[in-house]
Amino acid sequence: MPVLTLPNGATVGYDDAGTGPPLVLLHAFPLDRAMWRAQLADLADVARVITPDLPGFGESSPSGAFTIEGVADTVAAFVEALNLPKVTLGGLSMGGYVALAFARRHPDKLTKLILADTRAGIDDTNARAGRDKSVGVVTAEGTAALFDGMLPKVLSEHTHATNAPLVERLKRIAARQKPESVAAALIALRDRPDANSGLKNIAVPTLVLVGEFDAVTPPLSAANLAGQIRGSELVHVPRAGHLANSENAEAFNATVRAFLAR
């Protein structure tokens, strides 16, 4: 598993499979790059699939204060360190927030954009209070306890009923994340900027994906993204909740494959 050292000394753990146009995928909270296993396996024949751990997650070191825009800059430095002038960038949930910030701050590095199970707006008062409560949980009890509390909402009933191995695998990925990194990410998610104003400036082909049963960033949030990004495509992933890439990898990958081919 390669680890890349950036000019600022931060290290980024990542996987890199396949050849062709580069596709960089940014993971959800509170997971790491292992959540993209099905995409690495299935899309490597049409793209060079690169999945970095975001700062403080997986095998990546923290890179200064964790903010959504700061992480976007770290992703840009990572892309530059790999000598990639432009990439198709995809992000799911937290990764989608970072992808939107990347599109605002580094549009010259984008070929295409994939936004999965994410949204442009900021947290409302209740959501912000929930983030603060989660900081307390992860600090006192660890990431495994936090993710156990998230599971009923982030996965669809179909996944819970039919795919116990996936549920256990995601729990293992979450459990190995450092509580201090997860807490820092929660604060960054709570305080992230509103991305709505920048949507009209996105000028690259954009795919918006959402699980049909996503209860965290529901289909209406995806429709808002697609409605404001000119020429974007909106696709609902059947039988999937918030982690659509894992819950229905076959449908998710088929949609991404067709988008990359256009």
# chains A, B, ... in the order shown; residues from 1 in each chain; ligands from 1
>>> residues_around(residues="Leu186 (chain A)", least_positions_apart="3", cutoff="12 Å", atoms="only C-alpha atoms", output="JSON list (two decimals) with N, CA and C atoms, in the first residue's frame")
[["chain", "number", "residue", "atom", "x", "y", "z"],
["A", 28, "ALA", "N", -16.08, 8.66, 2.62],
["A", 28, "ALA", "CA", -17.08, 9.20, 3.53],
["A", 28, "ALA", "C", -16.55, 9.22, 4.97],
["A", 29, "PHE", "N", -17.29, 9.88, 5.82],
["A", 29, "PHE", "CA", -17.05, 9.93, 7.27],
["A", 29, "PHE", "C", -17.82, 8.80, 7.94],
["A", 30, "PRO", "N", -17.26, 8.14, 8.93],
["A", 30, "PRO", "CA", -15.90, 8.19, 9.47],
["A", 30, "PRO", "C", -15.12, 6.96, 9.01],
["A", 66, "PHE", "N", -8.04, 20.49, 10.51],
["A", 66, "PHE", "CA", -8.92, 19.81, 9.57],
["A", 66, "PHE", "C", -10.10, 20.73, 9.25],
["A", 67, "THR", "N", -10.11, 21.26, 8.03],
["A", 67, "THR", "CA", -11.25, 22.00, 7.51],
["A", 67, "THR", "C", -11.57, 21.43, 6.14],
["A", 68, "ILE", "N", -12.80, 21.59, 5.69],
["A", 68, "ILE", "CA", -13.17, 21.05, 4.38],
["A", 68, "ILE", "C", -12.32, 21.68, 3.28],
["A", 94, "MET", "N", -18.88, 13.14, 3.16],
["A", 94, "MET", "CA", -17.81, 14.08, 3.48],
["A", 94, "MET", "C", -16.88, 14.27, 2.29],
["A", 123, "ASP", "N", -25.13, 22.70, 7.78],
["A", 123, "ASP", "CA", -25.93, 22.08, 8.82],
["A", 123, "ASP", "C", -26.89, 23.09, 9.43],
["A", 127, "ALA", "N", -28.73, 19.81, 13.30],
["A", 127, "ALA", "CA", -27.60, 19.02, 12.81],
["A", 127, "ALA", "C", -26.31, 19.45, 13.49],
["A", 128, "ARG", "N", -26.15, 20.75, 13.71],
["A", 128, "ARG", "CA", -24.95, 21.23, 14.40],
["A", 128, "ARG", "C", -24.89, 20.69, 15.83],
["A", 129, "ALA", "N", -26.04, 20.68, 16.49],
["A", 129, "ALA", "CA", -26.08, 20.12, 17.85],
["A", 129, "ALA", "C", -25.75, 18.63, 17.83],
["A", 130, "GLY", "N", -26.20, 17.95, 16.77],
["A", 130, "GLY", "CA", -25.89, 16.53, 16.63],
["A", 130, "GLY", "C", -24.40, 16.29, 16.44],
["A", 131, "ARG", "N", -23.75, 17.16, 15.68],
["A", 131, "ARG", "CA", -22.29, 17.04, 15.52],
["A", 131, "ARG", "C", -21.59, 17.20, 16.87],
["A", 132, "ASP", "N", -22.04, 18.19, 17.66],
["A", 132, "ASP", "CA", -21.42, 18.41, 18.96],
["A", 132, "ASP", "C", -21.62, 17.20, 19.87],
["A", 133, "LYS", "N", -22.80, 16.61, 19.82],
["A", 133, "LYS", "CA", -23.06, 15.41, 20.62],
["A", 133, "LYS", "C", -22.16, 14.26, 20.17],
["A", 134, "SER", "N", -21.97, 14.15, 18.87],
["A", 134, "SER", "CA", -21.12, 13.09, 18.34],
["A", 134, "SER", "C", -19.66, 13.27, 18.75],
["A", 135, "VAL", "N", -19.20, 14.51, 18.83],
["A", 135, "VAL", "CA", -17.84, 14.77, 19.32],
["A", 135, "VAL", "C", -17.70, 14.20, 20.73],
["A", 136, "GLY", "N", -18.71, 14.41, 21.55],
["A", 136, "GLY", "CA", -18.67, 13.86, 22.90],
["A", 136, "GLY", "C", -18.64, 12.35, 22.92],
["A", 137, "VAL", "N", -19.42, 11.72, 22.04],
["A", 137, "VAL", "CA", -19.46, 10.26, 21.98],
["A", 137, "VAL", "C", -18.12, 9.69, 21.55],
["A", 138, "VAL", "N", -17.56, 10.22, 20.46],
["A", 138, "VAL", "CA", -16.31, 9.65, 19.95],
["A", 138, "VAL", "C", -15.15, 9.92, 20.91],
["A", 139, "THR", "N", -15.18, 11.04, 21.60],
["A", 139, "THR", "CA", -14.13, 11.35, 22.56],
["A", 139, "THR", "C", -14.20, 10.43, 23.78],
["A", 143, "THR", "N", -14.54, 5.55, 18.14],
["A", 143, "THR", "CA", -15.20, 5.63, 16.83],
["A", 143, "THR", "C", -16.17, 4.48, 16.60],
["A", 146, "LEU", "N", -19.46, 5.45, 18.05],
["A", 146, "LEU", "CA", -20.09, 6.48, 17.23],
["A", 146, "LEU", "C", -20.74, 5.87, 16.00],
["A", 179, "PRO", "N", -9.99, 8.48, 17.20],
["A", 179, "PRO", "CA", -11.04, 9.36, 17.73],
["A", 179, "PRO", "C", -10.75, 10.85, 17.56],
["A", 180, "GLU", "N", -9.48, 11.24, 17.74],
["A", 180, "GLU", "CA", -9.16, 12.66, 17.63],
["A", 180, "GLU", "C", -9.34, 13.17, 16.20],
["A", 181, "SER", "N", -9.05, 12.33, 15.21],
["A", 181, "SER", "CA", -9.27, 12.72, 13.81],
["A", 181, "SER", "C", -10.75, 12.79, 13.49],
["A", 182, "VAL", "N", -11.51, 11.84, 14.01],
["A", 182, "VAL", "CA", -12.95, 11.84, 13.78],
["A", 182, "VAL", "C", -13.60, 13.06, 14.43],
["A", 183, "ALA", "N", -13.16, 13.41, 15.63],
["A", 183, "ALA", "CA", -13.70, 14.59, 16.30],
["A", 183, "ALA", "C", -13.38, 15.86, 15.51],
["A", 189, "LEU", "N", -17.13, 19.40, 9.59],
["A", 189, "LEU", "CA", -18.43, 19.20, 8.93],
["A", 189, "LEU", "C", -19.45, 20.18, 9.49],
["A", 190, "ARG", "N", -19.44, 20.36, 10.78],
["A", 190, "ARG", "CA", -20.37, 21.31, 11.43],
["A", 190, "ARG", "C", -20.17, 22.73, 10.91],
["A", 191, "ASP", "N", -18.92, 23.11, 10.67],
["A", 191, "ASP", "CA", -18.59, 24.50, 10.34],
["A", 191, "ASP", "C", -18.31, 24.71, 8.85],
["A", 192, "ARG", "N", -18.60, 23.73, 8.02],
["A", 192, "ARG", "CA", -18.26, 23.85, 6.60],
["A", 192, "ARG", "C", -19.03, 25.00, 5.94]]
>>> select_by_dssp(residues="region 82-206 of chain A", states="strand (DSSP E or B)", output="ChimeraX atom specification")
/A:87-92,110-116,206
>>> write_last_selection(atoms="C-alpha atoms", output="PDB file, in the first residue's frame")
ATOM      1  CA  VAL A  87      -8.466  14.328 -12.756  1.00  0.00           C
ATOM      2  CA  THR A  88     -12.024  13.186 -12.551  1.00  0.00           C
ATOM      3  CA  LEU A  89     -12.774  13.748  -8.872  1.00  0.00           C
ATOM      4  CA  GLY A  90     -15.478  11.887  -7.014  1.00  0.00           C
ATOM      5  CA  GLY A  91     -16.546  12.169  -3.413  1.00  0.00           C
ATOM      6  CA  LEU A  92     -19.201  10.557  -1.260  1.00  0.00           C
ATOM      7  CA  LEU A 110     -10.832  19.027 -12.897  1.00  0.00           C
ATOM      8  CA  THR A 111     -11.845  16.995 -15.938  1.00  0.00           C
ATOM      9  CA  LYS A 112     -15.146  15.709 -14.535  1.00  0.00           C
ATOM     10  CA  LEU A 113     -16.884  15.708 -11.157  1.00  0.00           C
ATOM     11  CA  ILE A 114     -18.832  12.979  -9.329  1.00  0.00           C
ATOM     12  CA  LEU A 115     -20.902  13.933  -6.287  1.00  0.00           C
ATOM     13  CA  ALA A 116     -22.411  10.992  -4.409  1.00  0.00           C
ATOM     14  CA  THR A 206     -20.905  16.373 -13.448  1.00  0.00           C
TER      15      THR A 206
END
>>> residues_around(residues="Val24 (chain A)", least_positions_apart="2", cutoff="12 Å", atoms="only C-alpha atoms", output="PDB file with N, CA and C atoms, in the first residue's frame")
ATOM      1  N   TYR A  14      -2.746   5.652   0.128  1.00  0.00           N
ATOM      2  CA  TYR A  14      -3.674   5.570  -0.998  1.00  0.00           C
ATOM      3  C   TYR A  14      -3.538   4.235  -1.707  1.00  0.00           C
ATOM      4  N   ASP A  15      -4.554   3.889  -2.463  1.00  0.00           N
ATOM      5  CA  ASP A  15      -4.520   2.760  -3.381  1.00  0.00           C
ATOM      6  C   ASP A  15      -4.590   3.293  -4.796  1.00  0.00           C
ATOM      7  N   ASP A  16      -3.997   2.554  -5.732  1.00  0.00           N
ATOM      8  CA  ASP A  16      -3.854   3.024  -7.109  1.00  0.00           C
ATOM      9  C   ASP A  16      -3.939   1.799  -8.010  1.00  0.00           C
ATOM     10  N   ALA A  17      -5.006   1.701  -8.803  1.00  0.00           N
ATOM     11  CA  ALA A  17      -5.216   0.510  -9.622  1.00  0.00           C
ATOM     12  C   ALA A  17      -5.679   0.905 -11.011  1.00  0.00           C
ATOM     13  N   GLY A  18      -5.209   0.167 -12.009  1.00  0.00           N
ATOM     14  CA  GLY A  18      -5.673   0.374 -13.368  1.00  0.00           C
ATOM     15  C   GLY A  18      -4.849   1.381 -14.127  1.00  0.00           C
ATOM     16  N   PRO A  21      -7.526   7.328 -17.859  1.00  0.00           N
ATOM     17  CA  PRO A  21      -7.781   8.633 -17.249  1.00  0.00           C
ATOM     18  C   PRO A  21      -7.897   8.504 -15.729  1.00  0.00           C
ATOM     19  N   PRO A  22      -7.247   9.397 -14.982  1.00  0.00           N
ATOM     20  CA  PRO A  22      -7.261   9.259 -13.522  1.00  0.00           C
ATOM     21  C   PRO A  22      -8.617   9.602 -12.907  1.00  0.00           C
ATOM     22  N   LEU A  26     -12.892  10.164  -3.066  1.00  0.00           N
ATOM     23  CA  LEU A  26     -12.719  10.629  -1.687  1.00  0.00           C
ATOM     24  C   LEU A  26     -13.792  10.003  -0.798  1.00  0.00           C
ATOM     25  N   HIS A  27     -13.354   9.435   0.306  1.00  0.00           N
ATOM     26  CA  HIS A  27     -14.221   8.601   1.132  1.00  0.00           C
ATOM     27  C   HIS A  27     -15.146   9.387   2.057  1.00  0.00           C
ATOM     28  N   ARG A  33     -10.187   4.836   2.849  1.00  0.00           N
ATOM     29  CA  ARG A  33     -10.216   4.487   1.437  1.00  0.00           C
ATOM     30  C   ARG A  33     -10.704   3.061   1.179  1.00  0.00           C
ATOM     31  N   TRP A  36     -13.870   2.044  -0.836  1.00  0.00           N
ATOM     32  CA  TRP A  36     -13.921   2.042  -2.304  1.00  0.00           C
ATOM     33  C   TRP A  36     -13.438   0.724  -2.903  1.00  0.00           C
ATOM     34  N   GLN A  39     -15.036  -0.340  -6.137  1.00  0.00           N
ATOM     35  CA  GLN A  39     -14.743   0.531  -7.277  1.00  0.00           C
ATOM     36  C   GLN A  39     -13.326   0.264  -7.809  1.00  0.00           C
ATOM     37  N   LEU A  40     -12.381   0.042  -6.910  1.00  0.00           N
ATOM     38  CA  LEU A  40     -11.024  -0.296  -7.341  1.00  0.00           C
ATOM     39  C   LEU A  40     -11.024  -1.575  -8.175  1.00  0.00           C
ATOM     40  N   LEU A  43     -13.589  -0.841 -11.705  1.00  0.00           N
ATOM     41  CA  LEU A  43     -13.427   0.270 -12.648  1.00  0.00           C
ATOM     42  C   LEU A  43     -12.005   0.408 -13.178  1.00  0.00           C
ATOM     43  N   ALA A  44     -11.101  -0.451 -12.715  1.00  0.00           N
ATOM     44  CA  ALA A  44      -9.700  -0.316 -13.102  1.00  0.00           C
ATOM     45  C   ALA A  44      -9.454  -0.620 -14.575  1.00  0.00           C
ATOM     46  N   ALA A  47     -10.281   3.161 -16.020  1.00  0.00           N
ATOM     47  CA  ALA A  47      -9.678   4.352 -15.417  1.00  0.00           C
ATOM     48  C   ALA A  47      -8.536   3.938 -14.503  1.00  0.00           C
ATOM     49  N   ARG A  48      -7.669   4.875 -14.227  1.00  0.00           N
ATOM     50  CA  ARG A  48      -6.692   4.704 -13.154  1.00  0.00           C
ATOM     51  C   ARG A  48      -7.382   5.168 -11.882  1.00  0.00           C
ATOM     52  N   VAL A  49      -7.805   4.237 -11.060  1.00  0.00           N
ATOM     53  CA  VAL A  49      -8.604   4.544  -9.879  1.00  0.00           C
ATOM     54  C   VAL A  49      -7.671   4.775  -8.693  1.00  0.00           C
ATOM     55  N   ILE A  50      -7.743   5.966  -8.114  1.00  0.00           N
ATOM     56  CA  ILE A  50      -6.863   6.368  -7.022  1.00  0.00           C
ATOM     57  C   ILE A  50      -7.729   6.754  -5.826  1.00  0.00           C
ATOM     58  N   THR A  51      -7.496   6.095  -4.699  1.00  0.00           N
ATOM     59  CA  THR A  51      -8.335   6.331  -3.525  1.00  0.00           C
ATOM     60  C   THR A  51      -7.470   6.731  -2.336  1.00  0.00           C
ATOM     61  N   PRO A  52      -7.335   8.017  -2.045  1.00  0.00           N
ATOM     62  CA  PRO A  52      -6.527   8.454  -0.902  1.00  0.00           C
ATOM     63  C   PRO A  52      -7.320   8.421   0.402  1.00  0.00           C
ATOM     64  N   ASP A  53      -6.597   8.223   1.498  1.00  0.00           N
ATOM     65  CA  ASP A  53      -7.152   8.478   2.825  1.00  0.00           C
ATOM     66  C   ASP A  53      -7.086   9.981   3.078  1.00  0.00           C
ATOM     67  N   LEU A  54      -8.175  10.555   3.546  1.00  0.00           N
ATOM     68  CA  LEU A  54      -8.168  11.978   3.890  1.00  0.00           C
ATOM     69  C   LEU A  54      -7.342  12.196   5.160  1.00  0.00           C
ATOM     70  N   VAL A  75      -5.845  17.504  -1.063  1.00  0.00           N
ATOM     71  CA  VAL A  75      -6.120  16.637  -2.216  1.00  0.00           C
ATOM     72  C   VAL A  75      -5.463  17.220  -3.470  1.00  0.00           C
ATOM     73  N   ALA A  76      -5.513  18.526  -3.626  1.00  0.00           N
ATOM     74  CA  ALA A  76      -4.866  19.159  -4.776  1.00  0.00           C
ATOM     75  C   ALA A  76      -3.356  18.934  -4.742  1.00  0.00           C
ATOM     76  N   PHE A  78      -1.865  16.439  -3.320  1.00  0.00           N
ATOM     77  CA  PHE A  78      -1.698  15.009  -3.596  1.00  0.00           C
ATOM     78  C   PHE A  78      -1.744  14.744  -5.097  1.00  0.00           C
ATOM     79  N   VAL A  79      -2.700  15.358  -5.782  1.00  0.00           N
ATOM     80  CA  VAL A  79      -2.819  15.205  -7.233  1.00  0.00           C
ATOM     81  C   VAL A  79      -1.565  15.734  -7.933  1.00  0.00           C
ATOM     82  N   LEU A  82       1.385  13.421  -7.628  1.00  0.00           N
ATOM     83  CA  LEU A  82       1.294  12.276  -8.528  1.00  0.00           C
ATOM     84  C   LEU A  82       1.506  12.672  -9.988  1.00  0.00           C
ATOM     85  N   LEU A  84      -0.349  14.582 -11.913  1.00  0.00           N
ATOM     86  CA  LEU A  84      -1.596  14.490 -12.671  1.00  0.00           C
ATOM     87  C   LEU A  84      -2.113  15.908 -12.921  1.00  0.00           C
ATOM     88  N   LYS A  86      -4.821  16.939 -14.530  1.00  0.00           N
ATOM     89  CA  LYS A  86      -6.272  17.008 -14.332  1.00  0.00           C
ATOM     90  C   LYS A  86      -6.783  15.630 -13.949  1.00  0.00           C
ATOM     91  N   VAL A  87      -7.875  15.601 -13.167  1.00  0.00           N
ATOM     92  CA  VAL A  87      -8.466  14.328 -12.756  1.00  0.00           C
ATOM     93  C   VAL A  87      -9.985  14.437 -12.801  1.00  0.00           C
ATOM     94  N   THR A  88     -10.623  13.279 -12.923  1.00  0.00           N
ATOM     95  CA  THR A  88     -12.024  13.186 -12.551  1.00  0.00           C
ATOM     96  C   THR A  88     -12.050  12.957 -11.053  1.00  0.00           C
ATOM     97  N   LEU A  89     -12.740  13.822 -10.331  1.00  0.00           N
ATOM     98  CA  LEU A  89     -12.774  13.748  -8.872  1.00  0.00           C
ATOM     99  C   LEU A  89     -14.164  13.341  -8.424  1.00  0.00           C
ATOM    100  N   GLY A  90     -14.217  12.318  -7.587  1.00  0.00           N
ATOM    101  CA  GLY A  90     -15.478  11.887  -7.014  1.00  0.00           C
ATOM    102  C   GLY A  90     -15.404  11.885  -5.502  1.00  0.00           C
ATOM    103  N   GLY A  91     -16.506  12.205  -4.869  1.00  0.00           N
ATOM    104  CA  GLY A  91     -16.546  12.169  -3.413  1.00  0.00           C
ATOM    105  C   GLY A  91     -17.918  11.760  -2.933  1.00  0.00           C
ATOM    106  N   LEU A  92     -17.940  11.001  -1.844  1.00  0.00           N
ATOM    107  CA  LEU A  92     -19.201  10.557  -1.260  1.00  0.00           C
ATOM    108  C   LEU A  92     -19.326  11.114   0.141  1.00  0.00           C
ATOM    109  N   GLY A  95     -16.594  13.182   1.583  1.00  0.00           N
ATOM    110  CA  GLY A  95     -15.771  13.301   0.385  1.00  0.00           C
ATOM    111  C   GLY A  95     -16.403  14.193  -0.662  1.00  0.00           C
ATOM    112  N   GLY A  96     -17.730  14.214  -0.717  1.00  0.00           N
ATOM    113  CA  GLY A  96     -18.430  15.097  -1.635  1.00  0.00           C
ATOM    114  C   GLY A  96     -18.288  16.557  -1.238  1.00  0.00           C
ATOM    115  N   VAL A  98     -15.720  17.770   0.253  1.00  0.00           N
ATOM    116  CA  VAL A  98     -14.349  18.113  -0.145  1.00  0.00           C
ATOM    117  C   VAL A  98     -14.268  18.307  -1.660  1.00  0.00           C
ATOM    118  N   ALA A  99     -14.959  17.455  -2.412  1.00  0.00           N
ATOM    119  CA  ALA A  99     -14.949  17.584  -3.873  1.00  0.00           C
ATOM    120  C   ALA A  99     -15.539  18.917  -4.314  1.00  0.00           C
ATOM    121  N   PHE A 102     -12.955  21.481  -3.663  1.00  0.00           N
ATOM    122  CA  PHE A 102     -11.918  21.342  -4.691  1.00  0.00           C
ATOM    123  C   PHE A 102     -12.369  22.021  -5.982  1.00  0.00           C
ATOM    124  N   LYS A 109      -7.881  21.870 -12.232  1.00  0.00           N
ATOM    125  CA  LYS A 109      -7.404  20.498 -12.084  1.00  0.00           C
ATOM    126  C   LYS A 109      -8.505  19.469 -12.342  1.00  0.00           C
ATOM    127  N   LEU A 110      -9.684  19.919 -12.734  1.00  0.00           N
ATOM    128  CA  LEU A 110     -10.832  19.027 -12.897  1.00  0.00           C
ATOM    129  C   LEU A 110     -11.114  18.710 -14.359  1.00  0.00           C
ATOM    130  N   THR A 111     -11.321  17.423 -14.642  1.00  0.00           N
ATOM    131  CA  THR A 111     -11.845  16.995 -15.938  1.00  0.00           C
ATOM    132  C   THR A 111     -13.341  16.742 -15.846  1.00  0.00           C
ATOM    133  N   LYS A 112     -13.739  15.991 -14.822  1.00  0.00           N
ATOM    134  CA  LYS A 112     -15.146  15.709 -14.535  1.00  0.00           C
ATOM    135  C   LYS A 112     -15.307  15.670 -13.024  1.00  0.00           C
ATOM    136  N   LEU A 113     -16.576  15.670 -12.585  1.00  0.00           N
ATOM    137  CA  LEU A 113     -16.884  15.708 -11.157  1.00  0.00           C
ATOM    138  C   LEU A 113     -17.994  14.699 -10.861  1.00  0.00           C
ATOM    139  N   ILE A 114     -17.816  13.931  -9.784  1.00  0.00           N
ATOM    140  CA  ILE A 114     -18.832  12.979  -9.329  1.00  0.00           C
ATOM    141  C   ILE A 114     -19.162  13.302  -7.877  1.00  0.00           C
ATOM    142  N   LEU A 115     -20.431  13.586  -7.627  1.00  0.00           N
ATOM    143  CA  LEU A 115     -20.902  13.933  -6.287  1.00  0.00           C
ATOM    144  C   LEU A 115     -21.906  12.877  -5.850  1.00  0.00           C
TER     145      LEU A 115
END
>>> select_by_dssp(residues="region 121-242 of chain A", states="alpha helix (DSSP H)", output="ChimeraX atom specification")
/A:125-141,143-154,157-162,164-175,179-190,219-228
>>> write_last_selection(atoms="C-alpha atoms", output="mmCIF file, in the first residue's frame")
data_model
loop_
_atom_site.group_PDB
_atom_site.id
_atom_site.type_symbol
_atom_site.label_atom_id
_atom_site.label_comp_id
_atom_site.auth_asym_id
_atom_site.auth_seq_id
_atom_site.Cartn_x
_atom_site.Cartn_y
_atom_site.Cartn_z
ATOM 1 C CA THR A 125 -29.252 24.085 14.200
ATOM 2 C CA ASN A 126 -30.299 20.523 14.985
ATOM 3 C CA ALA A 127 -27.599 19.024 12.806
ATOM 4 C CA ARG A 128 -24.946 21.228 14.400
ATOM 5 C CA ALA A 129 -26.084 20.125 17.850
ATOM 6 C CA GLY A 130 -25.888 16.530 16.633
ATOM 7 C CA ARG A 131 -22.292 17.043 15.516
ATOM 8 C CA ASP A 132 -21.423 18.410 18.965
ATOM 9 C CA LYS A 133 -23.063 15.411 20.617
ATOM 10 C CA SER A 134 -21.115 13.086 18.335
ATOM 11 C CA VAL A 135 -17.842 14.768 19.322
ATOM 12 C CA GLY A 136 -18.673 13.861 22.903
ATOM 13 C CA VAL A 137 -19.463 10.262 21.979
ATOM 14 C CA VAL A 138 -16.308 9.651 19.953
ATOM 15 C CA THR A 139 -14.131 11.350 22.564
ATOM 16 C CA ALA A 140 -15.578 9.331 25.448
ATOM 17 C CA GLU A 141 -16.369 6.005 23.770
ATOM 18 C CA THR A 143 -15.198 5.632 16.834
ATOM 19 C CA ALA A 144 -16.776 2.172 16.938
ATOM 20 C CA ALA A 145 -19.449 3.394 19.353
ATOM 21 C CA LEU A 146 -20.094 6.480 17.235
ATOM 22 C CA PHE A 147 -20.520 4.449 14.054
ATOM 23 C CA ASP A 148 -22.790 1.930 15.766
ATOM 24 C CA GLY A 149 -25.119 4.817 16.519
ATOM 25 C CA MET A 150 -24.937 6.021 12.917
ATOM 26 C CA LEU A 151 -25.623 2.654 11.276
ATOM 27 C CA PRO A 152 -29.431 2.682 11.399
ATOM 28 C CA LYS A 153 -29.429 5.919 9.403
ATOM 29 C CA VAL A 154 -26.509 5.523 7.006
ATOM 30 C CA GLU A 157 -33.168 -1.327 5.603
ATOM 31 C CA HIS A 158 -32.479 -3.542 2.572
ATOM 32 C CA THR A 159 -28.747 -3.552 3.334
ATOM 33 C CA HIS A 160 -29.292 -4.286 7.019
ATOM 34 C CA ALA A 161 -31.597 -7.174 6.131
ATOM 35 C CA THR A 162 -29.589 -8.761 3.315
ATOM 36 C CA ALA A 164 -24.585 -8.548 7.152
ATOM 37 C CA PRO A 165 -20.987 -9.046 5.878
ATOM 38 C CA LEU A 166 -20.973 -5.507 4.463
ATOM 39 C CA VAL A 167 -22.333 -4.074 7.703
ATOM 40 C CA GLU A 168 -19.577 -5.812 9.675
ATOM 41 C CA ARG A 169 -16.896 -4.723 7.204
ATOM 42 C CA LEU A 170 -17.932 -1.066 7.441
ATOM 43 C CA LYS A 171 -17.950 -1.331 11.225
ATOM 44 C CA ARG A 172 -14.370 -2.627 11.141
ATOM 45 C CA ILE A 173 -13.272 0.237 8.881
ATOM 46 C CA ALA A 174 -14.848 2.823 11.176
ATOM 47 C CA ALA A 175 -13.496 1.241 14.352
ATOM 48 C CA PRO A 179 -11.040 9.358 17.728
ATOM 49 C CA GLU A 180 -9.160 12.663 17.625
ATOM 50 C CA SER A 181 -9.268 12.723 13.814
ATOM 51 C CA VAL A 182 -12.954 11.835 13.782
ATOM 52 C CA ALA A 183 -13.700 14.591 16.300
ATOM 53 C CA ALA A 184 -11.777 17.124 14.197
ATOM 54 C CA ALA A 185 -13.716 16.052 11.102
ATOM 55 C CA LEU A 186 -17.028 16.421 12.949
ATOM 56 C CA ILE A 187 -16.173 20.015 13.807
ATOM 57 C CA ALA A 188 -15.158 20.683 10.188
ATOM 58 C CA LEU A 189 -18.426 19.201 8.934
ATOM 59 C CA ARG A 190 -20.365 21.311 11.427
ATOM 60 C CA PRO A 219 -32.655 12.570 -2.966
ATOM 61 C CA LEU A 220 -34.011 16.116 -2.614
ATOM 62 C CA SER A 221 -30.496 17.305 -1.687
ATOM 63 C CA ALA A 222 -29.125 15.584 -4.775
ATOM 64 C CA ALA A 223 -31.825 17.193 -6.896
ATOM 65 C CA ASN A 224 -30.730 20.596 -5.598
ATOM 66 C CA LEU A 225 -27.154 19.874 -6.677
ATOM 67 C CA ALA A 226 -28.192 18.682 -10.121
ATOM 68 C CA GLY A 227 -30.594 21.574 -10.555
ATOM 69 C CA GLN A 228 -27.890 24.167 -9.993
#
>>> atom_distance(atom1="CA of Asp117 (chain A)", atom2="CA of Val256 (chain A)")
13.8 Å
